[in-house]
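Visitor: Okay, so here is final22.cif, and as you'll see once you scroll down, it has mmCIF, C-alpha atoms.
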data_data
loop_
_atom_site.group_PDB
_atom_site.id
_atom_site.type_symbol
_atom_site.label_atom_id
_atom_site.label_comp_id
_atom_site.auth_asym_id
_atom_site.auth_seq_id
_atom_site.Cartn_x
_atom_site.Cartn_y
_atom_site.Cartn_z
ATOM 1 C CA MET J 7 123.588 98.374 111.500
ATOM 2 C CA ILE J 8 126.095 101.117 110.832
ATOM 3 C CA ARG J 9 129.262 100.972 108.747
ATOM 4 C CA VAL J 10 132.439 102.188 110.434
ATOM 5 C CA ALA J 11 135.520 102.907 108.337
ATOM 6 C CA CYS J 12 139.001 103.695 109.648
ATOM 7 C CA ARG J 13 141.374 105.207 107.115
ATOM 8 C CA GLN J 14 144.977 104.654 108.157
ATOM 9 C CA LEU J 15 147.105 107.392 106.595
ATOM 10 C CA ALA J 16 150.683 108.691 106.593
ATOM 11 C CA PRO J 17 150.342 112.468 107.036
ATOM 12 C CA ARG J 18 153.204 114.680 105.882
ATOM 13 C CA LEU J 19 154.859 116.373 108.819
ATOM 14 C CA GLY J 20 154.243 120.106 108.732
ATOM 15 C CA ASP J 21 152.417 120.085 105.369
ATOM 16 C CA LEU J 22 148.917 121.355 106.083
ATOM 17 C CA ALA J 23 147.933 121.675 102.407
ATOM 18 C CA ALA J 24 148.951 118.129 101.532
ATOM 19 C CA ASN J 25 147.206 116.727 104.587
ATOM 20 C CA ARG J 26 144.002 118.644 103.793
ATOM 21 C CA GLU J 27 143.917 116.914 100.423
ATOM 22 C CA LEU J 28 144.930 113.538 101.861
ATOM 23 C CA THR J 29 142.272 113.520 104.585
ATOM 24 C CA ALA J 30 139.432 114.861 102.427
ATOM 25 C CA SER J 31 140.198 112.257 99.755
ATOM 26 C CA ALA J 32 140.198 109.452 102.330
ATOM 27 C CA ILE J 33 136.893 110.647 103.791
ATOM 28 C CA GLY J 34 135.311 110.853 100.342
ATOM 29 C CA ALA J 35 136.415 107.321 99.457
ATOM 30 C CA ALA J 36 135.069 105.921 102.718
ATOM 31 C CA ALA J 37 131.760 107.743 102.294
ATOM 32 C CA ALA J 38 131.474 106.422 98.746
ATOM 33 C CA GLY J 39 131.844 102.950 100.236
ATOM 34 C CA GLY J 40 128.803 103.497 102.422
ATOM 35 C CA ALA J 41 130.495 104.499 105.654
ATOM 36 C CA ASP J 42 128.313 106.049 108.341
ATOM 37 C CA VAL J 43 131.303 106.885 110.543
ATOM 38 C CA VAL J 44 134.815 107.659 109.280
ATOM 39 C CA VAL J 45 137.755 107.744 111.695
ATOM 40 C CA LEU J 46 141.123 109.317 110.842
ATOM 41 C CA PRO J 47 144.431 109.157 112.737
ATOM 42 C CA GLU J 48 145.652 111.388 115.540
ATOM 43 C CA LEU J 49 147.104 114.709 114.318
ATOM 44 C CA ALA J 50 146.097 113.763 110.772
ATOM 45 C CA THR J 51 146.279 117.366 109.586
ATOM 46 C CA SER J 52 149.806 118.051 110.786
ATOM 47 C CA GLY J 53 151.951 115.003 111.437
ATOM 48 C CA TYR J 54 153.270 114.135 114.874
ATOM 49 C CA VAL J 55 157.023 114.264 115.554
ATOM 50 C CA PHE J 56 157.510 117.988 116.047
ATOM 51 C CA GLU J 57 160.860 119.250 117.247
ATOM 52 C CA SER J 58 159.402 122.316 118.941
ATOM 53 C CA ALA J 59 156.168 124.017 119.884
ATOM 54 C CA GLU J 60 156.956 126.658 117.272
ATOM 55 C CA GLU J 61 157.036 124.013 114.540
ATOM 56 C CA ALA J 62 153.677 122.632 115.694
ATOM 57 C CA ALA J 63 152.189 126.115 115.909
ATOM 58 C CA ALA J 64 152.984 126.706 112.239
ATOM 59 C CA VAL J 65 150.390 124.079 111.236
ATOM 60 C CA ALA J 66 147.927 124.530 114.105
ATOM 61 C CA VAL J 67 144.363 125.445 113.131
ATOM 62 C CA THR J 68 141.167 126.452 114.875
ATOM 63 C CA PRO J 69 137.868 124.545 114.565
ATOM 64 C CA SER J 70 136.673 127.274 112.180
ATOM 65 C CA HIS J 71 139.367 126.457 109.602
ATOM 66 C CA PRO J 72 138.051 125.714 106.074
ATOM 67 C CA LEU J 73 139.531 122.215 106.075
ATOM 68 C CA PHE J 74 136.689 121.041 108.327
ATOM 69 C CA GLY J 75 134.198 122.299 105.767
ATOM 70 C CA GLU J 76 136.059 120.175 103.238
ATOM 71 C CA TRP J 77 135.707 117.178 105.552
ATOM 72 C CA ALA J 78 131.973 117.831 105.870
ATOM 73 C CA SER J 79 131.545 118.096 102.105
ATOM 74 C CA ALA J 80 133.525 114.921 101.472
ATOM 75 C CA ALA J 81 131.614 113.004 104.146
ATOM 76 C CA GLY J 82 128.117 113.589 102.784
ATOM 77 C CA ARG J 83 125.788 111.941 105.286
ATOM 78 C CA ALA J 84 128.666 110.349 107.246
ATOM 79 C CA VAL J 85 130.194 111.492 110.540
ATOM 80 C CA VAL J 86 133.944 112.092 110.670
ATOM 81 C CA VAL J 87 136.199 111.919 113.726
ATOM 82 C CA GLY J 88 139.745 113.025 113.019
ATOM 83 C CA GLY J 89 142.755 114.362 114.849
ATOM 84 C CA PHE J 90 144.209 117.823 114.363
ATOM 85 C CA CYS J 91 146.708 120.209 115.899
ATOM 86 C CA GLU J 92 144.514 122.868 117.490
ATOM 87 C CA ARG J 93 145.349 126.477 118.205
ATOM 88 C CA GLY J 94 143.141 127.457 121.136
ATOM 89 C CA ASP J 95 141.615 130.870 121.705
ATOM 90 C CA ASP J 96 144.029 131.076 124.623
ATOM 91 C CA GLY J 97 146.995 130.783 122.240
ATOM 92 C CA ARG J 98 147.924 127.340 123.507
ATOM 93 C CA LEU J 99 148.326 124.210 121.408
ATOM 94 C CA TYR J 100 146.135 121.150 121.898
ATOM 95 C CA ASN J 101 146.228 117.623 120.507
ATOM 96 C CA SER J 102 142.579 117.514 119.511
ATOM 97 C CA ALA J 103 139.936 115.566 117.621
ATOM 98 C CA ALA J 104 136.999 117.069 115.762
ATOM 99 C CA VAL J 105 133.597 115.464 115.231
ATOM 100 C CA VAL J 106 132.290 116.690 111.885
ATOM 101 C CA ASP J 107 129.122 116.041 109.901
ATOM 102 C CA ARG J 108 127.235 117.865 107.168
ATOM 103 C CA GLY J 109 126.356 120.549 109.699
ATOM 104 C CA GLY J 110 130.027 121.311 110.373
ATOM 105 C CA VAL J 111 132.076 120.797 113.536
ATOM 106 C CA ARG J 112 129.829 119.208 116.159
ATOM 107 C CA ALA J 113 132.377 118.857 118.936
ATOM 108 C CA VAL J 114 136.083 119.191 119.681
ATOM 109 C CA TYR J 115 137.856 117.018 122.238
ATOM 110 C CA ARG J 116 141.270 117.953 123.600
ATOM 111 C CA LYS J 117 143.416 114.984 124.603
ATOM 112 C CA THR J 118 143.541 114.800 128.385
ATOM 113 C CA HIS J 119 146.401 112.302 128.786
ATOM 114 C CA LEU J 120 149.513 113.378 126.897
ATOM 115 C CA TRP J 121 152.163 110.883 125.867
ATOM 116 C CA ASP J 122 155.897 111.499 126.369
ATOM 117 C CA ARG J 123 157.133 114.513 124.345
ATOM 118 C CA GLU J 124 153.573 115.680 123.725
ATOM 119 C CA LYS J 125 153.901 117.239 127.177
ATOM 120 C CA LEU J 126 156.551 119.592 125.763
ATOM 121 C CA LEU J 127 154.243 120.822 122.999
ATOM 122 C CA PHE J 128 150.616 120.599 124.018
ATOM 123 C CA THR J 129 148.400 121.626 126.900
ATOM 124 C CA PRO J 130 146.252 118.759 128.225
ATOM 125 C CA GLY J 131 142.513 119.147 127.867
ATOM 126 C CA ASP J 132 140.614 119.926 131.048
ATOM 127 C CA ARG J 133 137.170 118.668 130.020
ATOM 128 C CA PRO J 134 135.884 115.082 129.892
ATOM 129 C CA PRO J 135 135.498 113.420 126.502
ATOM 130 C CA PRO J 136 132.190 114.111 124.763
ATOM 131 C CA VAL J 137 129.431 111.780 123.668
ATOM 132 C CA VAL J 138 127.936 113.249 120.501
ATOM 133 C CA ALA J 139 124.450 112.394 119.282
ATOM 134 C CA THR J 140 124.997 111.635 115.581
ATOM 135 C CA ALA J 141 122.946 110.120 112.787
ATOM 136 C CA ALA J 142 124.890 106.908 113.407
ATOM 137 C CA GLY J 143 124.132 106.878 117.134
ATOM 138 C CA PRO J 144 125.890 108.206 120.245
ATOM 139 C CA VAL J 145 129.632 108.429 119.544
ATOM 140 C CA GLY J 146 132.271 109.034 122.193
ATOM 141 C CA VAL J 147 135.755 110.349 121.437
ATOM 142 C CA LEU J 148 139.172 109.540 122.883
ATOM 143 C CA ILE J 149 142.694 110.055 121.554
ATOM 144 C CA CYS J 150 145.414 107.392 121.677
ATOM 145 C CA TYR J 151 146.913 107.184 125.223
ATOM 146 C CA ASP J 152 143.502 108.103 126.673
ATOM 147 C CA LEU J 153 142.380 104.538 125.892
ATOM 148 C CA GLU J 154 144.763 103.202 128.516
ATOM 149 C CA PHE J 155 142.706 104.750 131.313
ATOM 150 C CA PRO J 156 139.696 102.538 132.050
ATOM 151 C CA GLU J 157 138.104 105.410 133.943
ATOM 152 C CA LEU J 158 137.636 107.231 130.633
ATOM 153 C CA THR J 159 136.201 104.354 128.622
ATOM 154 C CA ARG J 160 133.819 103.524 131.479
ATOM 155 C CA THR J 161 132.824 107.195 131.753
ATOM 156 C CA LEU J 162 131.928 107.271 128.060
ATOM 157 C CA ALA J 163 129.940 104.046 128.357
ATOM 158 C CA LEU J 164 128.007 105.347 131.357
ATOM 159 C CA ALA J 165 127.303 108.536 129.409
ATOM 160 C CA GLY J 166 125.638 106.485 126.698
ATOM 161 C CA ALA J 167 128.333 106.016 124.061
ATOM 162 C CA ARG J 168 127.737 102.975 121.870
ATOM 163 C CA LEU J 169 130.800 103.582 119.729
ATOM 164 C CA VAL J 170 134.099 105.161 120.747
ATOM 165 C CA ALA J 171 136.060 106.681 117.871
ATOM 166 C CA ALA J 172 139.755 106.960 118.729
ATOM 167 C CA PRO J 173 142.276 108.678 116.463
ATOM 168 C CA VAL J 174 145.664 107.227 117.466
ATOM 169 C CA ASN J 175 149.379 107.324 116.631
ATOM 170 C CA TRP J 176 150.837 104.162 118.150
ATOM 171 C CA PRO J 177 154.659 104.047 118.242
ATOM 172 C CA LEU J 178 155.885 100.600 117.238
ATOM 173 C CA VAL J 179 156.872 98.476 120.249
ATOM 174 C CA ASP J 180 158.171 94.923 120.540
ATOM 175 C CA ARG J 181 155.606 92.177 121.032
ATOM 176 C CA PRO J 182 155.665 88.373 120.917
ATOM 177 C CA SER J 183 155.204 86.777 117.530
ATOM 178 C CA GLY J 184 151.561 86.305 116.630
ATOM 179 C CA GLU J 185 150.260 88.786 119.205
ATOM 180 C CA ARG J 186 148.244 91.878 118.417
ATOM 181 C CA PRO J 187 149.619 95.286 119.464
ATOM 182 C CA PRO J 188 149.093 95.850 123.195
ATOM 183 C CA GLU J 189 146.975 98.919 122.458
ATOM 184 C CA VAL J 190 144.537 96.758 120.480
ATOM 185 C CA VAL J 191 144.333 94.307 123.380
ATOM 186 C CA ILE J 192 143.436 97.219 125.673
ATOM 187 C CA ALA J 193 140.712 98.347 123.263
ATOM 188 C CA MET J 194 139.335 94.799 123.085
ATOM 189 C CA ALA J 195 139.114 94.610 126.872
ATOM 190 C CA ALA J 196 137.494 98.045 127.148
ATOM 191 C CA ALA J 197 134.909 97.155 124.508
ATOM 192 C CA ARG J 198 134.059 93.878 126.213
ATOM 193 C CA VAL J 199 133.689 95.186 129.762
ATOM 194 C CA ASN J 200 131.531 98.094 128.574
ATOM 195 C CA ARG J 201 129.686 96.366 125.726
ATOM 196 C CA MET J 202 130.427 99.134 123.242
ATOM 197 C CA ALA J 203 132.323 99.227 119.957
ATOM 198 C CA ILE J 204 135.717 100.933 119.680
ATOM 199 C CA ALA J 205 137.279 102.072 116.402
ATOM 200 C CA CYS J 206 141.007 102.856 116.660
ATOM 201 C CA CYS J 207 142.499 104.531 113.575
ATOM 202 C CA ASP J 208 146.298 104.400 113.588
ATOM 203 C CA ARG J 209 148.747 105.967 111.158
ATOM 204 C CA SER J 210 151.426 104.392 108.966
ATOM 205 C CA GLY J 211 154.876 105.220 107.688
ATOM 206 C CA THR J 212 157.994 106.471 109.466
ATOM 207 C CA GLU J 213 158.382 110.052 110.687
ATOM 208 C CA ARG J 214 161.771 111.429 111.717
ATOM 209 C CA GLY J 215 162.884 107.911 112.494
ATOM 210 C CA GLN J 216 159.757 107.004 114.480
ATOM 211 C CA GLU J 217 158.130 103.829 113.204
ATOM 212 C CA TRP J 218 154.400 103.449 113.687
ATOM 213 C CA THR J 219 152.475 100.302 114.524
ATOM 214 C CA ALA J 220 149.925 100.723 111.701
ATOM 215 C CA GLY J 221 147.635 98.790 114.027
ATOM 216 C CA THR J 222 144.220 100.137 113.032
ATOM 217 C CA ALA J 223 141.432 97.967 114.454
ATOM 218 C CA ILE J 224 137.659 98.067 114.776
ATOM 219 C CA VAL J 225 136.423 96.169 117.829
ATOM 220 C CA GLY J 226 132.837 94.978 118.189
ATOM 221 C CA THR J 227 130.616 95.286 121.237
ATOM 222 C CA ASP J 228 131.646 91.773 122.315
ATOM 223 C CA GLY J 229 135.333 92.689 122.410
ATOM 224 C CA TRP J 230 136.432 90.829 119.288
ATOM 225 C CA VAL J 231 138.231 92.509 116.406
ATOM 226 C CA LEU J 232 135.924 92.857 113.403
ATOM 227 C CA ALA J 233 138.374 94.477 110.989
ATOM 228 C CA GLU J 234 141.955 95.673 110.918
ATOM 229 C CA GLY J 235 144.416 97.188 108.475
ATOM 230 C CA ALA J 236 144.763 100.314 106.367
ATOM 231 C CA ASP J 237 141.184 100.341 105.070
ATOM 232 C CA ALA J 238 139.460 98.629 107.990
ATOM 233 C CA THR J 239 135.687 98.661 107.559
ATOM 234 C CA ALA J 240 133.056 96.879 109.635
ATOM 235 C CA ASP J 241 129.288 96.773 109.905
ATOM 236 C CA ILE J 242 128.248 96.945 113.551
ATOM 237 C CA ASP J 243 124.884 96.521 115.238
ATOM 238 C CA LEU J 244 125.089 99.252 117.867
ATOM 239 C CA GLU J 245 121.709 98.248 119.290
ATOM 240 C CA CYS J 246 123.641 95.492 121.073
ATOM 241 C CA ALA J 247 125.339 98.203 123.096
ATOM 242 C CA ALA J 248 122.024 99.402 124.505
ATOM 243 C CA SER J 249 121.770 96.421 126.852
ATOM 244 C CA LYS J 250 124.508 95.665 129.360
ATOM 245 C CA ALA J 251 123.040 92.309 130.436
ATOM 246 C CA VAL J 252 125.619 89.535 130.079
ATOM 247 C CA SER J 253 123.727 86.687 131.745
ATOM 248 C CA PRO J 254 120.247 86.182 133.201
ATOM 249 C CA ARG J 255 121.594 87.474 136.525
ATOM 250 C CA ASN J 256 124.349 89.870 135.523
ATOM 251 C CA ASP J 257 124.443 93.381 134.128
ATOM 252 C CA LEU J 258 127.711 95.215 133.496
ATOM 253 C CA PHE J 259 126.346 98.448 134.912
ATOM 254 C CA GLY J 260 123.767 97.079 137.332
ATOM 255 C CA ASP J 261 126.408 94.991 139.098
ATOM 256 C CA ARG J 262 128.694 97.937 139.739
ATOM 257 C CA ARG J 263 129.412 98.838 143.379
ATOM 258 C CA PRO J 264 130.847 102.365 143.217
ATOM 259 C CA SER J 265 130.887 102.750 146.994
ATOM 260 C CA LEU J 266 133.709 100.163 147.075
ATOM 261 C CA TYR J 267 135.792 101.805 144.343
ATOM 262 C CA THR J 268 136.999 104.873 146.216
ATOM 263 C CA LEU J 269 140.456 104.925 147.772
#
In structure tokens, how does this file's structure come out?
Guide:
Amino acid sequence: MIRVACRQLAPRLGDLAANRELTASAIGAAAAGGADVVVLPELATSGYVFESAEEAAAVAVTPSHPLFGEWASAAGRAVVVGGFCERGDDGRLYNSAAVVDRGGVRAVYRKTHLWDREKLLFTPGDRPPPVVATAAGPVGVLICYDLEFPELTRTLALAGARLVAAPVNWPLVDRPSGERPPEVVIAMAAARVNRMAIACCDRSGTERGQEWTAGTAIVGTDGWVLAEGADATADIDLECAASKAVSPRNDLFGDRRPSLYTL
């Protein structure tokens, strides 16, 4: 069993110092609660609703920035997956997520599917999402809109991910009364068809008039929501994700017929 904690925050737009303190404090509190994996929102270090690339660049950091050392110190033995505004060696900006443990930054994933105005600010990543071997088990990483592409969640599952950590910023959209956010429904379906857990950490608050869903959810390997809300925490048996058998005669991966899936 591992303990997964999502810490739904309201980063301050353009305030790197305040967000360093906010994120490190949240990580420390989750680690003190026994978390093995801590997930933070998308662009947790910077805020989201930038008016220009220049404004985003002012709070962009590289993976060598000291704030990730602060995350590692706050996490203790836990693994952290959190979003940040990345300044690449090529001078471009990326909407990225870092995987951090006591050894420092283990991996950086650059969001490959950009949403709406993100396309005016960021360069899409050109590498597939990683699966990182951590003390908690193999963890895959996606960012927000990436979850809506089943090719990516299946790719991570086939690569051995038992948990997908997804920093997200979900804009609030209308939905029928009593229904979960559509993004959570997508995560539930992806978890079920791949038999892997998915932890989606959303943000809260309102930023330049944009309301957020605050829809943080941790989904188990069977596709059902285990925990939701600002301090969502769940204990998950990731060993269940090792087997893809769903009946005596069916296996989620063994039953695939890739030769029929090409256009």
Visitor: Give as a list in words every residue, naming chains and numbers as the document does, that has an atom within 10 Å of (139.0, 114.8, 100.6), counting only C-alpha atoms.
Guide: Asn25, Arg26, Glu27, Leu28, Thr29, Ala30, Ser31, Ala32, Ile33, Gly34, Ala35, Ala36, Leu73, Glu76, Trp77, Ala78, Ser79, Ala80 and Ala81 of chain J
Visitor: Residues proximal to (158.6, 123.7, 116.5) were defined as those with any atom within 12 Å of that point in the file's coordinates, counting all atoms listed in the file. Which are they, as a PyMOL selection string?
Guide: chain J and resi 19-20+52+54-66+99+124+126-128
Visitor: Restricting the calculation to only C-alpha atoms, which member of J:Thr219, J:Thr268, J:Thr227, J:Asn256 is positioned closest to Ala167 in chain J?
Guide: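 The closest residue to Ala167 in chain J is J:Thr227.
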Visitor: Can you work out which one of J:Asp95, J:Asp237, J:Glu154, J:Asp180 has the shortest atom-to-atom distance to Ser210 in chain J, counting all atoms listed in the file?
Guide: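 Closest to Ser210 in chain J of all the choices is J:Asp237.
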Visitor: List the spatial neighbours of Gly229 in chain J as a PDB file with C-alpha atoms, keeping the file's coordinate frame - criterion: any atom at most 7 Å away, only C-alpha atoms, same-chain residues fewer than 3 positions off excluded.
Guide:
ATOM      1  CA  MET J 194     139.335  94.799 123.085  1.00  0.00           C
ATOM      2  CA  ALA J 195     139.114  94.610 126.872  1.00  0.00           C
ATOM      3  CA  ALA J 197     134.909  97.155 124.508  1.00  0.00           C
ATOM      4  CA  ARG J 198     134.059  93.878 126.213  1.00  0.00           C
ATOM      5  CA  VAL J 225     136.423  96.169 117.829  1.00  0.00           C
ATOM      6  CA  GLY J 226     132.837  94.978 118.189  1.00  0.00           C
TER       7      GLY J 226
END
Visitor: What separation in Å, quoted to one decimal, exists between CA of Phe259 in chain J and CA of Ala165 in chain J?
Guide: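 Taking CA of Phe259 in chain J and CA of Ala165 in chain J, their separation equals 11.5 Å.
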Visitor: Counting only C-alpha atoms, what is within 8 Å of Pro47 in chain J, bar same-chain residues fewer than 6 positions away, as a compact mmCIF listing (two decimals) with C-alpha atoms, keeping the file's coordinate frame?
Guide:
# COMPACT_ATOMS: atom_id res chain seq x y z
CA ARG J 13 141.37 105.21 107.12
CA GLN J 14 144.98 104.65 108.16
CA LEU J 15 147.10 107.39 106.60
CA GLY J 88 139.74 113.02 113.02
CA GLY J 89 142.76 114.36 114.85
CA ALA J 172 139.76 106.96 118.73
CA PRO J 173 142.28 108.68 116.46
CA VAL J 174 145.66 107.23 117.47
CA ASN J 175 149.38 107.32 116.63
CA CYS J 207 142.50 104.53 113.58
CA ASP J 208 146.30 104.40 113.59
CA ARG J 209 148.75 105.97 111.16
Visitor: Could you list, as number ranges by chain, every residue matched by the PyMOL selection byres ((chain J and resi 177) around 6) in this structure?
Guide: J: 176, 178, 218-219
